[in-house]
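Below: one structure, written as structure tokens.
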Amino acid sequence: MKKLYLNTGGLETIFENLQESLQGTLTSDNDQYNLVVKSKNAKGTVSGISFTKQLAYVDFDIEFNDDVVLSMESSVNSPIVFAYCTEGNIEHSFGINGDKKNLKSSQSGILRNTSNINSVLFFKAFQRVKFSIISTNVSNVENVENSDLIAGLKTMF
């Protein structure tokens with residue numbers, strides 16, 4: 001089993017961490033990122049865009065050559081993450097030993113971590129997974145674009 005770790009940070013930092021871990025080719029332009037992976041670790045693409053400081057979209061279409069645990073450092077911003085799986089399945093837990101929730105093909109989920117426990121994704125070897133996430137930062141929403149929407153999401157979730 002291979003373990004990958006992503007530091008908290010902006011989308012640029014996340015893509016740089018993924019590039020280093022997966023040994024892919026990263027291109028970026030105007031807050032849009034595209035990582036193409038064809039290595040001994042995996043094959044596929046990860047793309048993303050940062051719309052504002054509060055909102056980002058990331059799309060995964062990837063197949064790993066080993067079981068993979070992807071641990072993402074907990075963010076002080078406690079974002080709300082909307083996920084949708086189009087192919088395969090993915091498991092998620094808060095913490096490596098937390099309760100695992102399975103997101104199957106054509107299912108969606110909403111995640112919110114308000115603690116300092118890492119968010120963990122589990123991938124099975126040789127199973128293609130396609131899923132998308134939209135992440136919205138719900139802290140410090142004063143004087144930002146769509147602040148009413150973001151404040152409403154914070155209240156709801």
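By convention here, the chains of the structure tokens are called A, B, ... in the order presented, each chain's residues are numbered starting at 1, and ligands are numbered starting at 1 in the order presented.
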
Extract the full set of strand (DSSP E) residues from chain A according to DSSP on the backbone, and format it as a PyMOL selection string.
chain A and resi 2-6+25-29+32-38+42-50+55-64+68-72+80-87+89-94+101-104+107-112+119-123+129-136

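For the residues A:Gln127, A:Asn17, A:Asn118, A:Asn65, ranking by smallest atom-to-atom distance to A:Ile90 using only C-alpha atoms places A:Gln127 first.
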
List the spatial neighbours of A:Asn97 as a VMD selection string - criterion: any atom at most 12 Å away, only C-alpha atoms, same-chain residues fewer than 2 positions off excluded.
chain A and resid 69 71 92 to 95 99 to 101 117 to 122

Would you put the residues from that selection into a file with C-alpha atoms, as an mmCIF file, in the first residue's frame?
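This went into part-v9.cif:
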```
data_model
loop_
_atom_site.group_PDB
_atom_site.id
_atom_site.type_symbol
_atom_site.label_atom_id
_atom_site.label_comp_id
_atom_site.auth_asym_id
_atom_site.auth_seq_id
_atom_site.Cartn_x
_atom_site.Cartn_y
_atom_site.Cartn_z
ATOM 1 C CA VAL A 69 -4.076 6.057 0.876
ATOM 2 C CA SER A 71 -4.117 11.807 3.434
ATOM 3 C CA HIS A 92 -13.250 8.379 2.644
ATOM 4 C CA SER A 93 -12.656 8.750 6.351
ATOM 5 C CA PHE A 94 -11.645 11.422 8.807
ATOM 6 C CA GLY A 95 -8.374 10.032 10.120
ATOM 7 C CA ASP A 99 -15.296 5.246 9.837
ATOM 8 C CA LYS A 100 -15.017 4.707 6.089
ATOM 9 C CA LYS A 101 -17.780 5.934 3.816
ATOM 10 C CA ILE A 117 -8.061 15.289 11.842
ATOM 11 C CA ASN A 118 -6.818 14.610 8.301
ATOM 12 C CA SER A 119 -9.251 13.761 5.535
ATOM 13 C CA VAL A 120 -8.269 10.419 3.979
ATOM 14 C CA LEU A 121 -9.157 8.906 0.587
ATOM 15 C CA PHE A 122 -8.632 5.195 -0.150
#
```

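Atom pair atom CA of A:Lys2 / atom CA of A:Cys85 has a distance of 21.9 Å (rounded to one decimal).
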
Within 9 Å of stretch 86-89 of chain A, counting only C-alpha atoms, which residues show up once you throw out same-chain ones fewer than 2 positions away? Write them as a PyMOL selection string, please.
chain A and resi 61+84+91+102-107+123-124+127-132

Serialized selection, C-alpha atoms, as an mmCIF file, in the first residue's frame:
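Just written: result.cif:
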```cif
data_model
loop_
_atom_site.group_PDB
_atom_site.id
_atom_site.type_symbol
_atom_site.label_atom_id
_atom_site.label_comp_id
_atom_site.auth_asym_id
_atom_site.auth_seq_id
_atom_site.Cartn_x
_atom_site.Cartn_y
_atom_site.Cartn_z
ATOM 1 C CA ASP A 61 -9.615 10.483 -13.710
ATOM 2 C CA TYR A 84 -19.457 13.321 -7.176
ATOM 3 C CA GLU A 91 -13.645 5.458 0.249
ATOM 4 C CA ASN A 102 -17.956 4.569 0.276
ATOM 5 C CA LEU A 103 -18.810 6.822 -2.660
ATOM 6 C CA LYS A 104 -19.847 4.652 -5.613
ATOM 7 C CA SER A 105 -20.408 5.445 -9.268
ATOM 8 C CA SER A 106 -23.218 8.004 -9.763
ATOM 9 C CA GLN A 107 -23.239 8.959 -6.075
ATOM 10 C CA PHE A 123 -8.058 3.931 -3.702
ATOM 11 C CA LYS A 124 -7.927 0.280 -4.841
ATOM 12 C CA GLN A 127 -9.488 0.363 -10.536
ATOM 13 C CA ARG A 128 -10.137 3.483 -12.575
ATOM 14 C CA VAL A 129 -11.799 6.209 -10.554
ATOM 15 C CA LYS A 130 -13.408 9.337 -11.949
ATOM 16 C CA PHE A 131 -14.685 11.856 -9.449
ATOM 17 C CA SER A 132 -15.009 15.594 -9.043
#
```
